[in-house]
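Q: Structure file my_file.txt, compact mmCIF, C-alpha atoms, is pasted below:
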# COMPACT_ATOMS: atom_id res chain seq x y z
CA MET A 1 1.70 11.02 -25.36
CA ASN A 2 0.50 14.62 -25.46
CA ASP A 3 1.94 17.39 -23.29
CA SER A 4 -1.19 18.71 -21.58
CA PRO A 5 -0.78 19.86 -17.95
CA ALA A 6 -2.73 16.77 -16.81
CA THR A 7 -0.31 14.49 -18.67
CA ASN A 8 2.71 16.29 -17.20
CA HIS A 9 1.21 16.00 -13.73
CA ALA A 10 0.56 12.28 -14.18
CA GLN A 11 4.08 11.72 -15.49
CA ARG A 12 5.58 13.61 -12.52
CA LEU A 13 3.46 11.61 -10.06
CA LEU A 14 4.50 8.30 -11.60
CA GLU A 15 8.16 9.39 -11.52
CA GLU A 16 7.98 10.54 -7.88
CA SER A 17 6.44 7.17 -7.01
CA GLY A 18 9.40 5.31 -8.49
CA LEU A 19 7.18 3.69 -11.14
CA THR A 20 8.70 5.01 -14.37
CA SER A 21 12.12 3.42 -14.44
CA SER A 22 13.57 0.00 -13.94
CA HIS A 23 17.03 -0.47 -12.48
CA GLU A 24 19.72 -3.09 -12.39
CA PRO A 25 19.12 -5.33 -9.36
CA ILE A 26 21.75 -4.71 -6.70
CA GLY A 27 24.26 -7.53 -6.24
CA GLU A 28 23.81 -9.84 -3.27
CA MET A 29 27.55 -9.77 -2.56
CA LEU A 30 27.51 -5.99 -2.13
CA VAL A 31 24.49 -6.18 0.19
CA SER A 32 26.26 -8.88 2.24
CA ILE A 33 29.34 -6.66 2.63
CA PHE A 34 27.24 -3.72 3.88
CA LEU A 35 25.24 -5.93 6.26
CA GLU A 36 28.41 -7.31 7.79
CA GLU A 37 30.18 -3.96 8.00
CA HIS A 38 27.31 -1.85 9.37
CA TYR A 39 24.96 -4.31 11.07
CA ARG A 40 27.44 -7.04 12.10
CA LEU A 41 25.09 -9.50 10.39
CA ASP A 42 26.37 -12.47 8.46
CA GLY A 43 24.16 -15.11 6.85
CA ARG A 44 22.39 -16.40 3.77
CA LEU A 45 20.58 -13.91 1.54
CA GLU A 46 17.53 -14.93 -0.47
CA ARG A 47 16.08 -12.42 -2.95
CA LEU A 48 12.30 -11.86 -2.65
CA ALA A 49 9.95 -10.63 -5.41
CA THR A 50 8.73 -7.07 -4.73
CA GLU A 51 7.13 -4.18 -6.58
CA LYS A 52 10.17 -1.92 -7.01
CA ASP A 53 12.94 -2.20 -4.38
CA ASP A 54 15.52 -4.96 -3.84
CA THR A 55 14.41 -7.08 -0.90
CA PHE A 56 16.15 -10.04 0.71
CA ARG A 57 15.44 -12.49 3.48
CA LEU A 58 18.58 -12.76 5.62
CA SER A 59 18.94 -16.00 7.59
CA THR A 60 21.53 -15.85 10.38
CA ASP A 61 22.39 -18.03 13.36
CA SER A 62 20.66 -15.50 15.64
CA GLY A 63 17.43 -15.22 13.62
CA ASN A 64 15.89 -13.95 10.37
CA TYR A 65 15.81 -10.40 9.05
CA LEU A 66 14.44 -8.52 6.05
CA ALA A 67 16.98 -6.36 4.20
CA LYS A 68 15.60 -3.72 1.82
CA VAL A 69 17.50 -1.54 -0.64
CA SER A 70 15.45 1.37 -1.98
CA PRO A 71 15.21 1.93 -5.74
CA PRO A 72 17.58 4.64 -7.03
CA ASP A 73 14.71 6.98 -8.00
CA GLU A 74 13.08 6.98 -4.55
CA ALA A 75 14.07 10.15 -2.65
CA GLU A 76 16.02 9.61 0.56
CA ALA A 77 13.51 11.85 2.38
CA VAL A 78 10.67 9.51 1.36
CA VAL A 79 12.55 6.48 2.72
CA ALA A 80 13.15 8.48 5.92
CA LEU A 81 9.39 9.15 6.19
CA GLN A 82 8.62 5.42 6.00
CA THR A 83 11.21 4.59 8.66
CA ALA A 84 10.12 7.48 10.91
CA ALA A 85 6.49 6.30 10.86
CA MET A 86 7.55 2.79 11.91
CA ARG A 87 9.86 4.10 14.65
CA TYR A 88 7.09 6.44 15.86
CA LEU A 89 4.63 3.55 16.20
CA GLU A 90 7.24 1.42 17.96
CA THR A 91 7.71 4.19 20.53
CA THR A 92 4.14 5.46 20.99
CA ALA A 93 2.16 2.25 20.41
CA PRO A 94 4.58 -0.62 21.22
CA HIS A 95 1.65 -3.02 21.70
CA LEU A 96 0.83 -2.88 17.97
CA PRO A 97 2.59 -5.64 15.97
CA VAL A 98 4.30 -3.26 13.55
CA GLN A 99 7.49 -4.58 11.97
CA ARG A 100 10.57 -3.29 13.85
CA VAL A 101 13.48 -1.39 12.32
CA LYS A 102 16.89 -2.79 13.28
CA LEU A 103 19.56 -0.18 14.02
CA THR A 104 23.11 -0.36 12.70
CA ALA A 105 26.01 -1.07 15.06
CA GLY A 106 26.45 2.72 15.18
CA GLY A 107 22.80 3.36 16.12
CA ASP A 108 21.52 4.57 12.73
CA ASP A 109 18.30 3.35 11.13
CA HIS A 110 19.74 3.05 7.62
CA VAL A 111 22.91 3.00 5.54
CA THR A 112 23.35 4.96 2.31
CA ILE A 113 24.93 3.01 -0.56
CA ARG A 114 26.42 5.02 -3.43
CA LEU A 115 26.86 3.02 -6.61
CA ASN A 116 28.90 3.87 -9.71
CA ASP A 117 26.10 5.96 -11.25
CA GLY A 118 26.24 8.25 -8.19
CA ARG A 119 22.59 7.74 -7.25
CA PRO A 120 22.16 6.96 -3.55
CA ARG A 121 20.25 3.86 -2.44
CA VAL A 122 19.16 3.27 1.13
CA LEU A 123 19.73 -0.03 2.92
CA ARG A 124 17.50 -0.81 5.90
CA VAL A 125 17.11 -3.95 7.98
CA PHE A 126 13.90 -5.08 9.71
CA ASP A 127 12.92 -8.00 11.89
CA PHE A 128 11.49 -10.74 9.69
CA VAL A 129 7.81 -11.21 10.56
CA GLU A 130 7.11 -14.93 10.34
CA GLY A 131 3.67 -16.24 9.49
CA GLN A 132 0.95 -16.40 6.90
CA VAL A 133 -0.25 -13.30 5.06
CA LEU A 134 -3.95 -12.46 5.09
CA ALA A 135 -4.12 -13.06 1.31
CA ASP A 136 -3.49 -16.78 1.93
CA ALA A 137 -5.68 -17.16 5.03
CA ASN A 138 -9.27 -17.25 3.66
CA PRO A 139 -10.59 -15.23 6.63
CA ASP A 140 -14.25 -15.11 7.67
CA ALA A 141 -16.13 -11.86 8.42
CA GLY A 142 -15.07 -11.86 12.11
CA ARG A 143 -11.39 -12.13 11.23
CA LEU A 144 -11.66 -9.50 8.52
CA ALA A 145 -13.18 -7.20 11.15
CA LYS A 146 -10.14 -7.88 13.38
CA ALA A 147 -7.86 -6.87 10.51
CA GLY A 148 -9.96 -3.71 10.13
CA GLU A 149 -9.61 -2.97 13.84
CA MET A 150 -5.82 -3.22 13.52
CA LEU A 151 -5.72 -0.58 10.77
CA GLY A 152 -8.04 1.59 12.86
CA LEU A 153 -5.63 1.34 15.82
CA ILE A 154 -2.67 2.22 13.59
CA ASP A 155 -4.47 5.28 12.21
CA VAL A 156 -5.43 6.41 15.73
CA ALA A 157 -1.78 6.06 16.79
CA LEU A 158 -0.51 7.93 13.69
CA ARG A 159 -2.89 10.89 14.13
CA PRO A 160 -0.30 13.26 15.69
CA PHE A 161 2.61 12.08 13.52
CA THR A 162 4.20 14.53 11.08
CA HIS A 163 7.28 14.43 8.88
CA PRO A 164 8.82 16.92 6.40
CA ALA A 165 8.25 14.45 3.52
CA ASP A 166 4.70 13.37 4.41
CA ARG A 167 3.15 15.41 1.58
CA ARG A 168 5.12 13.43 -1.02
CA GLY A 169 3.65 12.85 -4.45
CA LEU A 170 2.45 9.26 -4.70
CA ALA A 171 0.52 7.83 -7.64
CA TRP A 172 -1.02 5.18 -5.35
CA ASP A 173 -2.55 7.92 -3.16
CA ILE A 174 -6.25 7.81 -4.09
CA ARG A 175 -6.47 11.61 -3.87
CA HIS A 176 -4.71 11.78 -7.28
CA PHE A 177 -6.88 9.15 -8.99
CA HIS A 178 -8.76 11.65 -11.19
CA GLN A 179 -5.44 13.02 -12.52
CA LEU A 180 -4.38 9.65 -13.95
CA THR A 181 -7.06 9.23 -16.64
CA GLU A 182 -4.37 8.92 -19.33
CA LEU A 183 -3.55 5.43 -18.01
CA VAL A 184 -6.77 4.24 -19.64
CA GLU A 185 -5.00 4.51 -23.02
CA HIS A 186 -2.57 1.76 -21.94
CA THR A 187 -5.37 -0.72 -21.20
CA PRO A 188 -5.76 -3.11 -24.18
CA SER A 189 -9.38 -4.22 -23.66
CA PRO A 190 -12.22 -1.86 -24.70
CA GLU A 191 -14.46 -3.38 -21.97
CA HIS A 192 -11.85 -2.59 -19.33
CA ARG A 193 -11.44 0.94 -20.63
CA GLN A 194 -15.20 1.42 -20.33
CA LEU A 195 -15.18 0.14 -16.73
CA ALA A 196 -12.33 2.50 -15.87
CA ARG A 197 -14.18 5.47 -17.33
CA SER A 198 -17.27 4.60 -15.25
CA VAL A 199 -15.19 4.65 -12.07
CA PHE A 200 -13.48 7.92 -13.07
CA ARG A 201 -16.95 9.45 -13.55
CA LEU A 202 -18.15 8.22 -10.15
CA PHE A 203 -15.02 9.55 -8.45
CA GLY A 204 -15.20 12.87 -10.29
CA ASP A 205 -18.84 13.38 -9.32
CA SER A 206 -18.67 12.39 -5.64
CA VAL A 207 -15.11 12.52 -4.26
CA VAL A 208 -13.31 15.26 -6.23
CA PRO A 209 -15.64 18.10 -5.07
CA ARG A 210 -14.98 17.04 -1.46
CA LEU A 211 -11.21 16.47 -1.63
CA SER A 212 -10.19 19.72 0.05
CA ASP A 213 -12.41 19.22 3.12
CA LEU A 214 -11.83 15.51 3.90
CA GLU A 215 -10.22 14.69 7.24
CA THR A 216 -6.50 14.06 6.67
CA GLN A 217 -3.52 12.61 8.51
CA VAL A 218 -0.51 10.38 7.82
CA ILE A 219 -1.77 6.89 6.87
CA HIS A 220 -0.15 3.50 6.24
CA GLY A 221 -1.27 3.72 2.60
CA ASP A 222 -0.99 0.05 1.63
CA PHE A 223 -2.70 -2.14 4.23
CA SER A 224 -3.20 -4.85 1.65
CA PRO A 225 -3.74 -8.57 2.42
CA TYR A 226 -0.07 -9.10 1.46
CA ASN A 227 1.12 -6.68 4.16
CA ILE A 228 -0.90 -8.16 7.04
CA VAL A 229 0.59 -11.22 8.78
CA VAL A 230 -1.92 -13.38 10.62
CA ASP A 231 -2.21 -16.41 12.88
CA PRO A 232 -5.67 -18.02 12.65
CA LYS A 233 -5.05 -19.70 16.03
CA SER A 234 -4.37 -16.40 17.81
CA ASP A 235 -7.18 -14.42 19.48
CA HIS A 236 -5.63 -11.26 18.03
CA PHE A 237 -5.51 -12.81 14.54
CA VAL A 238 -3.22 -10.05 13.16
CA THR A 239 0.34 -10.75 14.33
CA GLY A 240 2.30 -8.44 12.05
CA VAL A 241 1.95 -5.27 9.96
CA ILE A 242 4.64 -4.77 7.33
CA ASP A 243 5.66 -2.52 4.42
CA PHE A 244 5.21 1.20 5.09
CA GLY A 245 6.43 2.02 1.58
CA ASP A 246 3.28 4.02 0.66
CA THR A 247 3.05 6.05 3.88
CA VAL A 248 1.68 9.51 3.03
CA ARG A 249 -0.48 12.32 4.41
CA SER A 250 -3.88 11.88 2.77
CA ALA A 251 -7.60 11.57 3.48
CA VAL A 252 -8.25 9.14 6.34
CA ILE A 253 -10.93 7.26 4.35
CA PHE A 254 -8.34 6.34 1.73
CA ASP A 255 -6.57 4.05 4.23
CA PRO A 256 -9.41 1.52 4.73
CA ALA A 257 -10.30 1.95 1.04
CA VAL A 258 -7.08 0.11 0.08
CA PRO A 259 -7.83 -3.20 1.86
CA MET A 260 -11.49 -2.86 0.89
CA ALA A 261 -10.38 -2.66 -2.77
CA ASN A 262 -8.34 -5.82 -2.32
CA LEU A 263 -11.34 -7.64 -0.81
CA LEU A 264 -13.86 -6.66 -3.48
CA GLY A 265 -15.31 -9.63 -5.35
CA ARG A 266 -13.75 -12.26 -3.08
CA THR A 267 -17.27 -13.64 -2.70
CA PRO A 268 -18.61 -13.26 -6.28
CA ASP A 269 -22.33 -13.39 -5.40
CA GLN A 270 -21.86 -10.67 -2.73
CA PRO A 271 -18.89 -8.68 -4.01
CA TRP A 272 -18.94 -6.07 -1.19
CA ARG A 273 -19.43 -8.48 1.73
CA ASP A 274 -15.80 -8.89 2.81
CA ALA A 275 -14.94 -5.24 2.21
CA CYS A 276 -17.85 -4.19 4.45
CA ALA A 277 -16.75 -6.67 7.16
CA PHE A 278 -13.28 -5.07 7.16
CA ALA A 279 -14.78 -1.56 7.29
CA ALA A 280 -17.00 -2.52 10.24
CA GLY A 281 -13.92 -3.52 12.25
CA TYR A 282 -12.03 -0.39 11.20
CA GLN A 283 -14.86 1.85 12.40
CA ARG A 284 -14.86 0.28 15.87
CA GLN A 285 -11.47 1.91 16.41
CA ARG A 286 -11.46 4.86 14.00
CA PRO A 287 -15.01 5.85 13.02
CA VAL A 288 -15.34 7.50 9.60
CA GLN A 289 -17.10 10.85 9.74
CA ALA A 290 -20.75 10.39 8.73
CA PRO A 291 -20.63 12.76 5.70
CA GLU A 292 -17.52 10.95 4.40
CA LEU A 293 -18.93 7.42 4.67
CA PRO A 294 -20.68 7.47 1.23
CA LEU A 295 -17.31 8.23 -0.38
CA LEU A 296 -15.65 5.11 1.04
CA PRO A 297 -16.98 2.58 -1.52
CA VAL A 298 -16.17 4.96 -4.38
CA ALA A 299 -12.62 5.30 -3.04
CA ALA A 300 -12.33 1.49 -2.86
CA LEU A 301 -13.47 1.16 -6.49
CA ALA A 302 -11.02 3.89 -7.49
CA ARG A 303 -8.13 2.08 -5.80
CA LEU A 304 -8.98 -1.25 -7.44
CA THR A 305 -9.24 0.44 -10.85
CA LEU A 306 -6.00 2.31 -10.24
CA ARG A 307 -4.17 -0.94 -9.51
CA ALA A 308 -5.49 -2.53 -12.70
CA LEU A 309 -4.47 0.52 -14.75
CA ILE A 310 -1.00 0.92 -13.22
CA THR A 311 -0.36 -2.82 -13.51
CA ASN A 312 -1.04 -2.84 -17.28
CA TRP A 313 1.08 0.28 -17.72
CA ARG A 314 4.00 -1.05 -15.66
CA ALA A 315 3.99 -4.56 -17.09
CA GLU A 316 4.76 -2.93 -20.48
CA ARG A 317 7.72 -1.05 -19.01
CA ALA A 318 9.20 -3.48 -16.48
CA PRO A 319 9.16 -6.92 -18.10
CA GLU A 320 11.43 -8.27 -15.35
CA ARG A 321 8.63 -7.69 -12.81
CA ARG A 322 5.76 -8.55 -15.14
CA ALA A 323 4.86 -11.88 -13.49
CA TYR A 324 4.88 -10.34 -10.00
CA LEU A 325 2.76 -7.37 -11.08
CA LEU A 326 0.17 -9.32 -13.04
CA GLY A 327 -0.08 -12.01 -10.33
CA HIS A 328 -1.23 -9.43 -7.78
CA ALA A 329 -3.84 -7.94 -10.09
CA LYS A 330 -5.14 -10.84 -12.16
CA ASP A 331 -8.84 -10.53 -11.20
CA ASP A 332 -9.04 -6.75 -10.81
CA TRP A 333 -11.23 -5.98 -13.83
CA ILE A 334 -13.65 -8.84 -13.05
CA ASN A 335 -13.97 -7.51 -9.49
CA VAL A 336 -14.49 -3.91 -10.65
CA GLU A 337 -17.30 -5.11 -12.92
CA ARG A 338 -18.96 -7.22 -10.19
CA SER A 339 -18.73 -4.40 -7.64
CA LEU A 340 -20.14 -1.77 -10.01
CA ALA A 341 -23.17 -4.01 -10.59
CA VAL A 342 -24.24 -3.48 -6.96
CA SER A 343 -26.08 -0.33 -5.88
CA LEU A 344 -23.59 1.83 -3.97
CA ASP A 345 -26.51 3.17 -1.91
CA GLU A 346 -26.97 -0.38 -0.59
CA VAL A 347 -23.26 -0.62 0.24
CA VAL A 348 -23.37 2.70 2.10
CA ALA A 349 -26.45 1.52 4.03
CA HIS A 350 -24.46 -1.57 5.16
CA LEU A 351 -21.54 0.63 6.21
CA ARG A 352 -23.88 2.93 8.17
CA GLU A 353 -25.53 -0.03 9.88
CA ALA A 354 -22.17 -1.41 10.97
CA ARG A 355 -21.08 2.06 12.14
CA HIS A 356 -24.14 2.50 14.37
CA GLY A 357 -23.86 -1.05 15.62
CA HIS A 358 -20.39 -0.35 17.04
CA SER A 359 -20.40 3.37 17.86
Could you express the structure from this file as structure tokens?

A:
Amino acid sequence: MNDSPATNHAQRLLEESGLTSSHEPIGEMLVSIFLEEHYRLDGRLERLATEKDDTFRLSTDSGNYLAKVSPPDEAEAVVALQTAAMRYLETTAPHLPVQRVKLTAGGDDHVTIRLNDGRPRVLRVFDFVEGQVLADANPDAGRLAKAGEMLGLIDVALRPFTHPADRRGLAWDIRHFHQLTELVEHTPSPEHRQLARSVFRLFGDSVVPRLSDLETQVIHGDFSPYNIVVDPKSDHFVTGVIDFGDTVRSAVIFDPAVPMANLLGRTPDQPWRDACAFAAGYQRQRPVQAPELPLLPVAALARLTLRALITNWRAERAPERRAYLLGHAKDDWINVERSLAVSLDEVVAHLREARHGHS
């Protein structure tokens, strides 16, 4: 790897995002001791597969909880930002089904664990949100719009929120996409490298010149179909919003771009259909500024490409999470290719139509 400023910046971003190192999984016995001592919770722990932290389902006589232990390279201030955003929404928008933070017996929202290597890790406990995730629900356009409305409501509620760590460096934040071109080198397939370069060009031409004047605020950052809990029988459809691990201050359009990226190619003959249905719902609650709307599909393509690139890069470095990582990104390159084959002007026209239909 060369030492150009761009490379150094990319390396720093990946480090700040907790993506460069793997760690020994924390022992369940130790977590049980802390849960009993600080939360007065005793029960059965079941380890869950996650991207980087240690996460457990805790089953007790009084109910189920989610216990999370942050990775050792995630700054305590960043964990505090995630918790603060959730607590803020619980206080200011209690009607939104955001996962709740459980306080310790002493009234704190976390416990710091110091292991032998001296690096602090943060234990937090949340209510366990029961139900099916959107990824497994096969939603129609109307339900996707409801999911979009929920993200719109969250972004409206988060507008005034600030935190000292909200300008954290995060590789998943689409605003840094153009600074991560070196990840292309870690992609084995020449066809995939070519697709990635096409998306980098698109992003460089249309989004990068506008980055400094886009509307910004703190956003959820990862409203993916795996972080949205739904009940197809409920009128509200979305019954839970979980995982604020990528909360950051960024351009507003980058928030809906994440779920749109996840929905690209779900219907192969109309690769943008589901993404546009989600965006239509989002705009009912949080309209995207008209000049920014053409950037939304480019941001969605950038996010999908970013996930494919980071997945390849991480699977090399974290073999213990390889199956989890590749499982979440198995069709990404196919979906990038399908989505690039559609005229983005057509996609923007659909987005505009939906915006005017619900303004």

Q: Find, counting only C-alpha atoms, the residue in A:Thr104, A:Gln285, A:Ser70, A:Thr60 that gets nearest to A:Tyr39.

A: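 Once distances to A:Tyr39 are computed over only C-alpha atoms, the minimum belongs to A:Thr104.
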
Q: Find the spatial neighbours of A:Ala93, counting only C-alpha atoms, within a cut-off of 10 Å - ignore same-chain residues fewer than 5 positions away - and output them as a PyMOL selection string.

A: chain A and resi 87-88+98+153-154+156-158

Q: For the interface of stretch 250-282 of chain A with stretch 165-184 of chain A (cut-off 12 Å, counting all atoms listed in the file), please tabulate each contacting residue of stretch 250-282 of chain A alongside its nearest pair of atoms and their separation in Å to one decimal, rows sorted by chain and increasing number, as CSV.

A:
residue,atom,partner,partner_atom,distance
A:Ser250,CA,A:Arg175,CA,7.1
A:Ala251,CA,A:Arg175,CA,7.4
A:Val252,CA,A:Arg175,CA,10.7
A:Ile253,CA,A:Ile174,CA,9.7
A:Phe254,CA,A:Ile174,CA,6.4
A:Asp255,CA,A:Ile174,CA,9.1
A:Pro256,CA,A:Ile174,CA,11.3
A:Ala257,CA,A:Ile174,CA,8.8
A:Val258,CA,A:Ile174,CA,8.8
A:Ala261,CA,A:Ile174,CA,11.3

Q: Kindly export the residues of the current selection with C-alpha atoms, as a PDB file, in the frame of the given file.

A:
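Result saved to result.pdb:
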ATOM      1  CA  SER A 250      -3.880  11.880   2.770  1.00  0.00           C
ATOM      2  CA  ALA A 251      -7.600  11.570   3.480  1.00  0.00           C
ATOM      3  CA  VAL A 252      -8.250   9.140   6.340  1.00  0.00           C
ATOM      4  CA  ILE A 253     -10.930   7.260   4.350  1.00  0.00           C
ATOM      5  CA  PHE A 254      -8.340   6.340   1.730  1.00  0.00           C
ATOM      6  CA  ASP A 255      -6.570   4.050   4.230  1.00  0.00           C
ATOM      7  CA  PRO A 256      -9.410   1.520   4.730  1.00  0.00           C
ATOM      8  CA  ALA A 257     -10.300   1.950   1.040  1.00  0.00           C
ATOM      9  CA  VAL A 258      -7.080   0.110   0.080  1.00  0.00           C
ATOM     10  CA  ALA A 261     -10.380  -2.660  -2.770  1.00  0.00           C
TER      11      ALA A 261
END

Q: Tell me which protein, DNA and RNA residues are within 6 Å of stretch 327-344 of chain A, counting all atoms listed in the file, leaving out same-chain ones fewer than 2 positions away, and put them as a ChimeraX atom specification.

A: /A:265,271,308,323-325,346-347

Q: Between A:Asp108, A:Pro71, A:Thr162, A:Ala135, which one has atoms that come closest to A:Pro120, using all atoms listed in the file?

A: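 Once distances to A:Pro120 are computed over all atoms listed in the file, the minimum belongs to A:Pro71.
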
Q: Quick one: of A:Leu13, A:Ala290, A:Leu309, A:Ala77, who's nearest to A:His192, counting all atoms listed in the file?

A: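 Result for the nearest residue to A:His192: A:Leu309.
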
Q: Please report the interatomic distance between atom CA of A:Lys233 and atom CA of A:Gly152 in Å with one decimal.

A: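 Taking atom CA of A:Lys233 as the start and atom CA of A:Gly152 as the end point, the length is 21.7 Å.
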
Q: Which residues are close to A:Met29, i.e. within 12 Å by all atoms listed in the file, leaving aside same-chain residues fewer than 4 positions away? Reply as a list of chain:residue names.

A: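 Returned residues: A:Pro25, A:Ile33, A:Phe34, A:Leu35, A:Glu36, A:Asp42, A:Gly43, A:Arg44, A:Leu45, A:Glu46, A:Arg47, A:Phe56.
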
Q: In Å, with one decimal, what is the gap from atom CA of A:Asp231 to atom CA of A:Leu301?

A: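 Rounded to one decimal, the two atoms are 28.5 Å apart.
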
Q: Find the residues near A:Val133: any atom within 7 Å, counting only C-alpha atoms, skip ones fewer than 2 places away on the same chain, and give them as a PyMOL selection string.

A: chain A and resi 131+135-137+225-230

Q: Reconstruct stretch 324-347 of chain A at the level of N, CA and C atoms, and format the result as a CSV table (one decimal), in the frame of the given file.

A:
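File rebuild_12.csv, as written:
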chain,number,residue,atom,x,y,z
A,324,TYR,N,5.2,-10.8,-11.4
A,324,TYR,CA,4.9,-10.3,-10.0
A,324,TYR,C,3.7,-9.4,-10.1
A,325,LEU,N,3.8,-8.4,-11.0
A,325,LEU,CA,2.8,-7.4,-11.1
A,325,LEU,C,1.4,-8.0,-11.5
A,326,LEU,N,1.4,-8.8,-12.5
A,326,LEU,CA,0.2,-9.3,-13.0
A,326,LEU,C,-0.4,-10.3,-12.1
A,327,GLY,N,0.4,-11.0,-11.3
A,327,GLY,CA,-0.1,-12.0,-10.3
A,327,GLY,C,-0.9,-11.4,-9.2
A,328,HIS,N,-0.5,-10.1,-8.8
A,328,HIS,CA,-1.2,-9.4,-7.8
A,328,HIS,C,-2.5,-8.8,-8.3
A,329,ALA,N,-2.7,-8.7,-9.6
A,329,ALA,CA,-3.8,-7.9,-10.1
A,329,ALA,C,-4.7,-8.7,-11.1
A,330,LYS,N,-4.6,-10.1,-11.1
A,330,LYS,CA,-5.1,-10.8,-12.2
A,330,LYS,C,-6.7,-10.8,-12.3
A,331,ASP,N,-7.4,-10.6,-11.1
A,331,ASP,CA,-8.8,-10.5,-11.2
A,331,ASP,C,-9.4,-9.1,-11.1
A,332,ASP,N,-8.6,-8.1,-11.1
A,332,ASP,CA,-9.0,-6.8,-10.8
A,332,ASP,C,-10.2,-6.3,-11.7
A,333,TRP,N,-10.1,-6.5,-13.0
A,333,TRP,CA,-11.2,-6.0,-13.8
A,333,TRP,C,-12.5,-6.7,-13.6
A,334,ILE,N,-12.4,-8.0,-13.4
A,334,ILE,CA,-13.6,-8.8,-13.0
A,334,ILE,C,-14.3,-8.3,-11.8
A,335,ASN,N,-13.5,-8.0,-10.8
A,335,ASN,CA,-14.0,-7.5,-9.5
A,335,ASN,C,-14.5,-6.1,-9.6
A,336,VAL,N,-13.9,-5.3,-10.4
A,336,VAL,CA,-14.5,-3.9,-10.6
A,336,VAL,C,-15.9,-4.1,-11.2
A,337,GLU,N,-16.0,-4.9,-12.2
A,337,GLU,CA,-17.3,-5.1,-12.9
A,337,GLU,C,-18.4,-5.6,-11.9
A,338,ARG,N,-18.0,-6.7,-11.2
A,338,ARG,CA,-19.0,-7.2,-10.2
A,338,ARG,C,-19.4,-6.2,-9.2
A,339,SER,N,-18.4,-5.4,-8.7
A,339,SER,CA,-18.7,-4.4,-7.6
A,339,SER,C,-19.6,-3.2,-8.2
A,340,LEU,N,-19.3,-2.9,-9.4
A,340,LEU,CA,-20.1,-1.8,-10.0
A,340,LEU,C,-21.6,-2.2,-10.2
A,341,ALA,N,-21.8,-3.5,-10.3
A,341,ALA,CA,-23.2,-4.0,-10.6
A,341,ALA,C,-24.1,-3.9,-9.4
A,342,VAL,N,-23.5,-3.6,-8.2
A,342,VAL,CA,-24.2,-3.5,-7.0
A,342,VAL,C,-24.5,-2.0,-6.7
A,343,SER,N,-25.7,-1.7,-6.2
A,343,SER,CA,-26.1,-0.3,-5.9
A,343,SER,C,-25.2,0.2,-4.7
A,344,LEU,N,-24.5,1.3,-5.0
A,344,LEU,CA,-23.6,1.8,-4.0
A,344,LEU,C,-24.4,2.4,-2.8
A,345,ASP,N,-25.6,2.7,-3.0
A,345,ASP,CA,-26.5,3.2,-1.9
A,345,ASP,C,-26.7,2.0,-0.9
A,346,GLU,N,-26.8,0.8,-1.5
A,346,GLU,CA,-27.0,-0.4,-0.6
A,346,GLU,C,-25.7,-0.6,0.2
A,347,VAL,N,-24.6,-0.4,-0.4
A,347,VAL,CA,-23.3,-0.6,0.2
A,347,VAL,C,-23.1,0.4,1.4
